[in-house]
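Here is the file final-v1.txt (compact mmCIF, C-alpha atoms and all ligand atoms).
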```txt
# COMPACT_ATOMS: atom_id res chain seq x y z
CA MET J 29 89.99 125.04 116.99
CA VAL J 30 88.82 124.41 120.55
CA VAL J 31 85.45 122.79 121.20
CA VAL J 32 84.07 123.89 124.56
CA LYS J 33 81.15 122.08 126.18
CA THR J 34 80.90 123.57 129.68
CA LEU J 35 80.33 127.06 131.07
CA PRO J 36 83.35 127.14 133.42
CA GLU J 37 85.61 126.08 130.54
CA MET J 38 84.14 128.79 128.28
CA ARG J 39 84.55 131.48 130.93
CA ALA J 40 88.16 130.50 131.61
CA LEU J 41 89.07 130.36 127.94
CA ARG J 42 87.39 133.72 127.23
CA GLN J 43 89.89 135.45 129.55
CA GLN J 44 92.78 134.40 127.33
CA LEU J 45 91.37 135.32 123.90
CA ASP J 46 92.50 138.22 121.72
CA THR J 47 89.85 140.90 121.33
CA PRO J 48 87.68 142.02 119.63
CA VAL J 49 85.76 138.76 119.66
CA GLY J 50 83.32 138.12 116.79
CA PHE J 51 80.44 135.79 117.67
CA VAL J 52 78.06 133.78 115.47
CA PRO J 53 75.19 132.06 117.34
CA THR J 54 73.67 129.10 115.45
CA MET J 55 71.50 126.04 115.97
CA GLY J 56 73.89 123.95 113.90
CA TYR J 57 73.24 121.77 110.84
CA LEU J 58 75.31 124.40 109.10
CA HIS J 59 74.91 125.53 105.50
CA LEU J 60 76.41 128.28 103.34
CA GLY J 61 74.14 130.89 104.97
CA HIS J 62 75.72 130.23 108.36
CA LEU J 63 79.16 130.10 106.78
CA ALA J 64 78.71 133.56 105.21
CA LEU J 65 78.33 134.92 108.76
CA VAL J 66 81.36 132.95 109.94
CA LYS J 67 83.52 134.14 107.01
CA ARG J 68 82.64 137.77 107.70
CA ALA J 69 83.34 137.35 111.42
CA ARG J 70 86.68 135.77 110.49
CA ARG J 71 87.60 138.77 108.29
CA GLU J 72 86.68 141.32 110.94
CA ASN J 73 87.98 139.88 114.24
CA PRO J 74 91.16 138.30 115.62
CA THR J 75 88.99 135.80 117.53
CA VAL J 76 85.87 134.06 116.21
CA ILE J 77 83.51 132.09 118.46
CA VAL J 78 80.57 130.10 117.02
CA SER J 79 77.92 128.54 119.23
CA VAL J 80 75.98 125.46 118.20
CA TYR J 81 72.93 125.05 120.41
CA VAL J 82 69.36 124.02 119.59
CA ASN J 83 67.57 126.20 122.13
CA PRO J 84 64.51 124.32 123.43
CA CYS J 85 62.86 127.52 124.71
CA GLN J 86 62.31 129.05 121.30
CA PHE J 87 60.26 126.10 120.03
CA GLY J 88 56.53 125.84 120.76
CA PRO J 89 55.09 122.60 122.18
CA SER J 90 53.86 121.43 118.76
CA GLU J 91 57.01 122.50 116.87
CA ASP J 92 60.01 120.56 115.59
CA PHE J 93 62.46 120.74 118.53
CA ALA J 94 62.87 116.94 118.85
CA GLY J 95 63.24 116.42 115.11
CA TYR J 96 65.39 119.49 114.40
CA PRO J 97 68.37 118.25 112.34
CA ARG J 98 71.62 117.83 114.26
CA GLU J 99 75.00 116.74 112.93
CA LEU J 100 77.69 118.14 115.22
CA ASN J 101 80.70 116.37 113.73
CA ARG J 102 79.98 117.68 110.26
CA ASP J 103 79.42 121.18 111.69
CA LEU J 104 82.78 121.04 113.49
CA GLU J 105 84.58 120.03 110.29
CA LEU J 106 83.03 122.97 108.41
CA LEU J 107 83.92 125.41 111.17
CA GLN J 108 87.47 124.09 111.33
CA THR J 109 87.81 124.71 107.59
CA GLU J 110 86.64 128.31 108.12
CA GLY J 111 89.37 128.87 110.69
CA VAL J 112 87.06 129.37 113.67
CA ASP J 113 88.88 129.63 117.01
CA VAL J 114 86.27 128.37 119.47
CA VAL J 115 83.04 126.41 119.08
CA PHE J 116 80.77 126.59 122.12
CA VAL J 117 78.38 123.65 122.41
CA PRO J 118 76.56 124.07 125.74
CA SER J 119 74.21 121.52 127.29
CA ASP J 120 70.54 122.03 128.18
CA ASP J 121 71.35 121.19 131.81
CA GLU J 122 73.82 124.05 132.10
CA MET J 123 71.80 126.56 130.07
CA TYR J 124 68.50 125.85 131.80
CA PRO J 125 69.04 124.35 135.26
CA PRO J 126 65.83 123.45 137.17
CA GLU J 127 65.83 126.74 139.11
CA PHE J 128 66.02 128.86 135.91
CA SER J 129 63.45 131.67 136.03
CA SER J 130 64.66 134.84 134.24
CA TRP J 131 63.49 135.81 130.77
CA VAL J 132 64.09 138.62 128.28
CA ASP J 133 60.85 139.91 126.77
CA VAL J 134 61.19 142.38 123.90
CA GLU J 135 57.86 144.14 123.29
CA LYS J 136 56.19 145.72 120.22
CA VAL J 137 58.34 144.45 117.34
CA THR J 138 57.64 140.88 118.54
CA GLU J 139 53.85 141.35 118.25
CA HIS J 140 53.84 140.74 114.50
CA LEU J 141 54.75 137.99 111.99
CA GLU J 142 56.77 135.22 113.69
CA GLY J 143 55.90 136.59 117.12
CA ALA J 144 52.17 136.35 116.36
CA SER J 145 52.44 132.90 114.75
CA ARG J 146 54.82 131.40 117.30
CA PRO J 147 53.89 132.64 120.80
CA GLY J 148 56.90 132.67 123.11
CA HIS J 149 59.38 132.20 120.25
CA PHE J 150 61.10 135.56 120.61
CA ARG J 151 61.15 135.33 124.40
CA GLY J 152 63.16 132.15 123.90
CA VAL J 153 65.39 133.76 121.26
CA ALA J 154 66.08 136.97 123.21
CA THR J 155 66.78 135.01 126.40
CA ILE J 156 69.24 132.57 124.85
CA VAL J 157 71.01 135.30 122.87
CA ALA J 158 71.32 137.45 126.04
CA LYS J 159 72.72 134.45 127.91
CA LEU J 160 75.19 133.64 125.13
CA PHE J 161 76.26 137.31 124.95
CA ASN J 162 76.92 137.28 128.72
CA ILE J 163 78.97 134.09 128.46
CA VAL J 164 80.91 134.90 125.27
CA ARG J 165 81.12 138.71 125.80
CA PRO J 166 81.61 139.46 122.08
CA SER J 167 82.39 142.88 120.61
CA ARG J 168 80.38 142.03 117.49
CA ALA J 169 77.71 139.44 116.78
CA TYR J 170 76.61 138.31 113.32
CA PHE J 171 73.04 137.55 112.24
CA GLY J 172 71.31 136.69 108.95
CA GLU J 173 68.75 138.86 107.16
CA LYS J 174 66.93 135.55 106.52
CA ASP J 175 65.49 136.05 110.02
CA ALA J 176 64.78 139.77 109.60
CA GLN J 177 62.44 140.07 112.57
CA GLN J 178 65.00 138.33 114.77
CA VAL J 179 67.54 140.99 113.75
CA LEU J 180 65.14 143.75 114.82
CA VAL J 181 64.46 141.98 118.13
CA ILE J 182 68.16 141.51 118.90
CA LYS J 183 69.01 145.10 117.96
CA ARG J 184 66.19 146.36 120.21
CA MET J 185 67.37 144.17 123.10
CA VAL J 186 71.01 145.28 122.73
CA ALA J 187 69.99 148.94 122.68
CA ASP J 188 67.40 148.73 125.48
CA LEU J 189 69.62 146.71 127.82
CA ASN J 190 72.80 148.69 126.97
CA MET J 191 74.71 145.58 125.97
CA GLY J 192 77.21 147.52 123.86
CA ILE J 193 77.54 144.80 121.22
CA GLU J 194 77.72 145.69 117.54
CA ILE J 195 75.14 143.72 115.52
CA ALA J 196 76.26 142.91 111.97
CA VAL J 197 73.74 141.65 109.41
CA GLU J 198 74.50 139.55 106.34
CA PRO J 199 72.21 139.14 103.30
CA THR J 200 70.29 135.90 102.79
CA VAL J 201 72.23 133.18 101.00
CA ARG J 202 70.04 131.33 98.47
CA GLU J 203 70.08 128.15 96.41
CA SER J 204 70.42 128.66 92.64
CA ASP J 205 66.61 128.62 92.24
CA GLY J 206 66.16 131.29 94.93
CA LEU J 207 65.15 129.12 97.90
CA ALA J 208 66.68 130.64 101.03
CA MET J 209 69.12 128.22 102.61
CA SER J 210 67.77 126.79 105.86
CA SER J 211 68.51 123.79 108.05
CA ARG J 212 64.79 122.99 107.72
CA ASN J 213 65.10 122.52 103.93
CA SER J 214 66.43 119.06 104.81
CA TYR J 215 62.84 118.09 105.78
CA LEU J 216 61.63 118.55 102.18
CA ASN J 217 61.15 115.60 99.82
CA PRO J 218 61.99 116.24 96.15
CA GLU J 219 58.45 117.29 95.25
CA GLU J 220 58.24 119.63 98.24
CA ARG J 221 61.69 121.00 97.46
CA ARG J 222 60.43 122.02 94.02
CA ALA J 223 57.24 123.54 95.51
CA ALA J 224 59.30 125.50 98.08
CA THR J 225 60.54 127.88 95.38
CA VAL J 226 57.10 129.54 95.56
CA LEU J 227 58.28 131.61 98.57
CA PHE J 228 61.04 133.28 96.58
CA LYS J 229 58.75 133.66 93.54
CA ALA J 230 56.18 135.51 95.66
CA LEU J 231 58.85 137.83 97.10
CA MET J 232 60.25 138.54 93.64
CA LEU J 233 56.73 139.33 92.44
CA ALA J 234 56.39 141.88 95.25
CA ARG J 235 59.71 143.43 94.33
CA GLN J 236 58.81 143.59 90.63
CA LEU J 237 55.46 145.20 91.38
CA ARG J 238 57.18 147.74 93.60
CA GLU J 239 59.81 148.50 90.98
CA GLY J 240 57.01 148.90 88.42
CA GLY J 241 55.56 151.68 90.57
CA GLU J 242 52.94 149.76 92.59
CA GLU J 243 52.16 151.67 95.80
CA ASP J 244 49.22 149.66 97.10
CA ALA J 245 50.44 147.23 99.79
CA GLU J 246 47.13 145.34 99.97
CA LYS J 247 47.13 144.71 96.22
CA THR J 248 50.73 143.49 96.47
CA ARG J 249 49.82 141.09 99.31
CA TRP J 250 46.93 139.69 97.29
CA ARG J 251 49.08 139.15 94.21
CA MET J 252 51.58 137.24 96.39
CA ILE J 253 48.80 135.19 98.00
CA SER J 254 47.26 134.27 94.61
CA LEU J 255 50.63 133.15 93.30
CA ILE J 256 51.26 130.94 96.35
CA GLN J 257 47.76 129.46 96.14
CA GLU J 258 48.58 128.13 92.69
CA GLU J 259 51.04 125.76 94.37
CA PRO J 260 49.01 122.78 95.71
CA LEU J 261 51.62 121.75 98.31
CA ALA J 262 51.78 125.23 99.86
CA ARG J 263 49.67 126.46 102.81
CA ILE J 264 50.06 130.11 103.79
CA ASP J 265 50.69 131.01 107.40
CA TYR J 266 51.11 134.75 106.71
CA VAL J 267 52.02 137.10 103.87
CA SER J 268 53.09 140.54 105.01
CA ILE J 269 54.05 143.91 103.60
CA ALA J 270 55.15 145.82 106.65
CA ASP J 271 57.09 148.87 107.77
CA ALA J 272 60.72 147.74 107.71
CA GLU J 273 61.40 149.12 111.20
CA THR J 274 58.20 148.53 113.21
CA LEU J 275 56.84 145.56 111.20
CA GLU J 276 53.36 147.11 111.31
CA GLU J 277 51.35 146.25 108.20
CA LEU J 278 51.28 148.97 105.56
CA ASN J 279 48.43 150.21 103.40
CA SER J 280 50.69 152.22 101.16
CA LEU J 281 54.27 151.54 100.08
CA ASP J 282 55.35 155.07 100.98
CA ARG J 283 58.37 154.12 103.14
CA PRO J 284 60.98 151.35 103.41
CA ALA J 285 59.03 148.09 103.59
CA LEU J 286 59.71 144.43 104.25
CA ALA J 287 57.87 141.76 102.29
CA SER J 288 57.86 138.59 104.35
CA LEU J 289 56.02 135.31 104.52
CA ALA J 290 55.68 132.00 106.31
CA VAL J 291 54.41 129.09 104.24
CA ARG J 292 53.99 125.43 105.03
CA ILE J 293 55.21 123.07 102.34
CA GLY J 294 53.76 119.75 103.47
CA LYS J 295 54.68 119.61 107.17
CA THR J 296 57.65 121.98 106.86
CA ARG J 297 57.18 125.62 107.83
CA LEU J 298 59.48 127.92 105.85
CA ILE J 299 60.03 131.67 106.17
CA ASP J 300 61.65 134.20 103.89
CA ASN J 301 61.66 137.95 103.31
CA MET J 302 62.84 140.70 100.99
CA PRO J 303 63.25 144.42 101.56
CA LEU J 304 61.15 146.51 99.16
P1 LIG U 1 69.92 129.21 112.84
O1 LIG U 1 70.95 128.13 112.95
O2 LIG U 1 68.82 128.89 111.89
O3 LIG U 1 69.45 129.73 114.17
O4 LIG U 1 70.67 130.45 112.16
C1 LIG U 1 71.82 131.01 112.72
C2 LIG U 1 72.12 132.31 112.04
O5 LIG U 1 72.32 132.09 110.63
C3 LIG U 1 70.96 133.31 112.16
O6 LIG U 1 71.49 134.62 112.36
C4 LIG U 1 70.28 133.20 110.82
O7 LIG U 1 69.58 134.36 110.43
C5 LIG U 1 71.47 132.95 109.90
N1 LIG U 1 71.03 132.32 108.65
C6 LIG U 1 70.23 131.22 108.52
N2 LIG U 1 69.99 130.96 107.22
C7 LIG U 1 70.63 131.92 106.51
C8 LIG U 1 70.76 132.20 105.11
N3 LIG U 1 70.18 131.46 104.17
N4 LIG U 1 71.51 133.27 104.74
C9 LIG U 1 72.10 134.05 105.68
N5 LIG U 1 72.01 133.84 107.01
C10 LIG U 1 71.30 132.78 107.42
```
Translate the structure of the given file into structure tokens.
Ligand code: AMP
Amino acid sequence: MVVVKTLPEMRALRQQLDTPVGFVPTMGYLHLGHLALVKRARRENPTVIVSVYVNPCQFGPSEDFAGYPRELNRDLELLQTEGVDVVFVPSDDEMYPPEFSSWVDVEKVTEHLEGASRPGHFRGVATIVAKLFNIVRPSRAYFGEKDAQQVLVIKRMVADLNMGIEIAVEPTVRESDGLAMSSRNSYLNPEERRAATVLFKALMLARQLREGGEEDAEKTRWRMISLIQEEPLARIDYVSIADAETLEELNSLDRPALASLAVRIGKTRLIDNMPL
């Protein structure tokens, strides 16, 4: 496994790699969710490149960029075990030199959910992913359903800008009690960790209601909200039942829908979702 830290090195190495190249962009502090993407990329491509980069531009000024967990040596060991060929670990200086002034803005699908709660977040995500795609030039890139809106944003960008990269999506990997794996789970103390299961419980409630024939999206939202409010450590950011493609809120569950939510447990903001 080669660890590459500069752009010229990455460009030179890319010339020599077998294609197709499978690419998994991450912010590191890897868990089994990330590794599910890596394993699939490994099965499907002769070359696998993983990037580890905490992108400052996708964090708001009051968010957790400085405190975001980082443990590169452990990440490299895990990636080596998975048989990854190249790990790209760029620096902020090279990714965002002082003269940097071009951004990728995906409209419409970014107006809702995370886009509404975290202004500028998806501009940062789309821009860094576009940059990484241009540097790595993958045939396929792998993303997690855990960040369902991100998947829609990346697919839109790839289609609109004719990037010609296949976007593969893997289901959310969960802990045994249903909590979606996330690097941010490391912020939770034991009491908060227990409380954090309320996200999955609310999503399962939505799914059960749907399977029981419930068609009223508003009623479903309120049932989810009431359940979360029973947990004293939880503060709701949003609870959504939206069209699975456009992410516009639904009145009636008459088409494929996505239940999603963002909830603060103490100071930690967690997100999760489930297709209905
Ligand atoms: P991150 O390091 O949080 O930016 O995540 C990197 C990639 O891993 C993204 O495509 C995420 O959607 C994906 N991912 C994160 N958590 C999970 C999970 N629990 N299950 C599946 N994929 C995940």
- List all protein, DNA and RNA residues that have at least one atom no more than 9 Å from any atom of ligand LIG 1 (chain U), counting all atoms listed in the file, and write them as a ChimeraX atom specification. /J:52-65,80-83,170-176,178-179,197-203,207-212,300
- J:Val267, J:Val115, J:Met123, J:Val137 ranked by distance to Thr155 of chain J, top pick (using all atoms listed in the file): J:Met123
- Query: Which of these residues is nearest to Lys295 of chain J, using all atoms listed in the file: J:Thr274, J:Asn190, J:Ser90, J:Ser204?
  - Reply: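 The closest residue to Lys295 of chain J is J:Ser90.
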- atom CA of Arg184 of chain J to atom CA of Ser130 of chain J, straight-line distance in Å: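 Value for the atom CA of Ser130 of chain J-atom CA of Arg184 of chain J distance: 18.2 Å.
Among the candidates J:Pro218, J:Pro36, J:Pro147, J:Pro84, the one nearest to Ile293 of chain J when counting all atoms listed in the file is J:Pro218.
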- Spatial neighbours of Thr75 of chain J, 12 Å, all atoms listed in the file, chain gap at least 3 places, as a PyMOL selection string: chain J and resi 29-30+41-42+44-52+66-72+78+111-115+164-169
- Nearest to Ile256 of chain J among J:Ala158, J:Leu141, J:Ala224, J:Met38, with distances taken over all atoms listed in the file: which residue is it? J:Ala224
- Task: Report the distance between atom CA of Gly143 of chain J and atom CA of Asp103 of chain J in Å, rounded to one decimal place.
- Result: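 Here the two named atoms are 28.6 Å from each other.
Between Arg98 of chain J and the candidates J:Thr34, J:Ser214, J:Ser129, J:Gln86, the tightest atom-to-atom separation, counting only C-alpha atoms, involves J:Ser214.
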Write only N, CA, C and O atoms for segment 215-240 of chain J from the block just shown, as an mmCIF file, in the first residue's frame.
```cif
data_model
loop_
_atom_site.group_PDB
_atom_site.id
_atom_site.type_symbol
_atom_site.label_atom_id
_atom_site.label_comp_id
_atom_site.auth_asym_id
_atom_site.auth_seq_id
_atom_site.Cartn_x
_atom_site.Cartn_y
_atom_site.Cartn_z
ATOM 1 N N TYR J 215 -17.773 10.940 20.101
ATOM 2 C CA TYR J 215 -18.002 12.076 21.008
ATOM 3 C C TYR J 215 -18.913 11.704 22.176
ATOM 4 O O TYR J 215 -18.994 12.445 23.157
ATOM 5 N N LEU J 216 -19.674 10.607 22.036
ATOM 6 C CA LEU J 216 -20.746 10.314 23.000
ATOM 7 C C LEU J 216 -20.200 9.687 24.272
ATOM 8 O O LEU J 216 -19.404 8.746 24.216
ATOM 9 N N ASN J 217 -20.650 10.180 25.445
ATOM 10 C CA ASN J 217 -20.339 9.476 26.693
ATOM 11 C C ASN J 217 -21.326 8.309 26.831
ATOM 12 O O ASN J 217 -22.272 8.201 26.045
ATOM 13 N N PRO J 218 -21.115 7.407 27.799
ATOM 14 C CA PRO J 218 -21.954 6.206 27.852
ATOM 15 C C PRO J 218 -23.456 6.500 27.933
ATOM 16 O O PRO J 218 -24.260 5.819 27.284
ATOM 17 N N GLU J 219 -23.815 7.523 28.671
ATOM 18 C CA GLU J 219 -25.241 7.854 28.794
ATOM 19 C C GLU J 219 -25.795 8.371 27.461
ATOM 20 O O GLU J 219 -26.903 8.010 27.040
ATOM 21 N N GLU J 220 -24.993 9.198 26.790
ATOM 22 C CA GLU J 220 -25.406 9.719 25.481
ATOM 23 C C GLU J 220 -25.451 8.598 24.435
ATOM 24 O O GLU J 220 -26.332 8.573 23.574
ATOM 25 N N ARG J 221 -24.505 7.678 24.545
ATOM 26 C CA ARG J 221 -24.466 6.554 23.604
ATOM 27 C C ARG J 221 -25.764 5.744 23.686
ATOM 28 O O ARG J 221 -26.308 5.322 22.661
ATOM 29 N N ARG J 222 -26.247 5.558 24.914
ATOM 30 C CA ARG J 222 -27.517 4.844 25.107
ATOM 31 C C ARG J 222 -28.669 5.661 24.510
ATOM 32 O O ARG J 222 -29.520 5.142 23.784
ATOM 33 N N ALA J 223 -28.674 6.969 24.782
ATOM 34 C CA ALA J 223 -29.749 7.847 24.286
ATOM 35 C C ALA J 223 -29.763 7.912 22.757
ATOM 36 O O ALA J 223 -30.820 8.098 22.142
ATOM 37 N N ALA J 224 -28.580 7.746 22.138
ATOM 38 C CA ALA J 224 -28.454 7.908 20.680
ATOM 39 C C ALA J 224 -29.248 6.858 19.899
ATOM 40 O O ALA J 224 -29.519 7.043 18.705
ATOM 41 N N THR J 225 -29.650 5.787 20.557
ATOM 42 C CA THR J 225 -30.431 4.761 19.846
ATOM 43 C C THR J 225 -31.813 5.292 19.454
ATOM 44 O O THR J 225 -32.509 4.666 18.661
ATOM 45 N N VAL J 226 -32.196 6.451 20.004
ATOM 46 C CA VAL J 226 -33.524 6.997 19.703
ATOM 47 C C VAL J 226 -33.660 7.346 18.213
ATOM 48 O O VAL J 226 -34.767 7.313 17.670
ATOM 49 N N LEU J 227 -32.556 7.648 17.529
ATOM 50 C CA LEU J 227 -32.653 7.956 16.092
ATOM 51 C C LEU J 227 -33.153 6.731 15.325
ATOM 52 O O LEU J 227 -34.096 6.816 14.539
ATOM 53 N N PHE J 228 -32.497 5.603 15.584
ATOM 54 C CA PHE J 228 -32.893 4.365 14.888
ATOM 55 C C PHE J 228 -34.319 3.956 15.281
ATOM 56 O O PHE J 228 -35.104 3.523 14.430
ATOM 57 N N LYS J 229 -34.649 4.123 16.579
ATOM 58 C CA LYS J 229 -36.002 3.755 17.027
ATOM 59 C C LYS J 229 -37.060 4.575 16.288
ATOM 60 O O LYS J 229 -38.099 4.055 15.887
ATOM 61 N N ALA J 230 -36.786 5.863 16.094
ATOM 62 C CA ALA J 230 -37.756 6.726 15.394
ATOM 63 C C ALA J 230 -37.893 6.310 13.927
ATOM 64 O O ALA J 230 -38.998 6.302 13.377
ATOM 65 N N LEU J 231 -36.783 5.943 13.302
ATOM 66 C CA LEU J 231 -36.837 5.508 11.899
ATOM 67 C C LEU J 231 -37.580 4.185 11.764
ATOM 68 O O LEU J 231 -38.367 3.981 10.830
ATOM 69 N N MET J 232 -37.342 3.279 12.732
ATOM 70 C CA MET J 232 -38.042 1.991 12.694
ATOM 71 C C MET J 232 -39.541 2.181 12.904
ATOM 72 O O MET J 232 -40.349 1.484 12.308
ATOM 73 N N LEU J 233 -39.883 3.146 13.773
ATOM 74 C CA LEU J 233 -41.302 3.448 13.983
ATOM 75 C C LEU J 233 -41.937 3.893 12.660
ATOM 76 O O LEU J 233 -43.016 3.425 12.291
ATOM 77 N N ALA J 234 -41.242 4.774 11.940
ATOM 78 C CA ALA J 234 -41.764 5.244 10.644
ATOM 79 C C ALA J 234 -41.959 4.066 9.694
ATOM 80 O O ALA J 234 -42.986 3.951 9.024
ATOM 81 N N ARG J 235 -40.982 3.190 9.669
ATOM 82 C CA ARG J 235 -41.082 2.041 8.766
ATOM 83 C C ARG J 235 -42.245 1.123 9.157
ATOM 84 O O ARG J 235 -43.006 0.677 8.298
ATOM 85 N N GLN J 236 -42.386 0.901 10.479
ATOM 86 C CA GLN J 236 -43.490 0.041 10.934
ATOM 87 C C GLN J 236 -44.844 0.650 10.601
ATOM 88 O O GLN J 236 -45.764 -0.051 10.163
ATOM 89 N N LEU J 237 -44.967 1.964 10.819
ATOM 90 C CA LEU J 237 -46.239 2.627 10.496
ATOM 91 C C LEU J 237 -46.537 2.468 9.019
ATOM 92 O O LEU J 237 -47.658 2.127 8.622
ATOM 93 N N ARG J 238 -45.509 2.688 8.203
ATOM 94 C CA ARG J 238 -45.680 2.576 6.747
ATOM 95 C C ARG J 238 -46.116 1.162 6.370
ATOM 96 O O ARG J 238 -47.035 0.979 5.572
ATOM 97 N N GLU J 239 -45.421 0.187 6.957
ATOM 98 C CA GLU J 239 -45.744 -1.213 6.622
ATOM 99 C C GLU J 239 -47.134 -1.590 7.122
ATOM 100 O O GLU J 239 -47.777 -2.484 6.576
ATOM 101 N N GLY J 240 -47.596 -0.903 8.172
ATOM 102 C CA GLY J 240 -48.955 -1.139 8.677
ATOM 103 C C GLY J 240 -50.009 -0.392 7.890
ATOM 104 O O GLY J 240 -51.178 -0.378 8.272
#
```
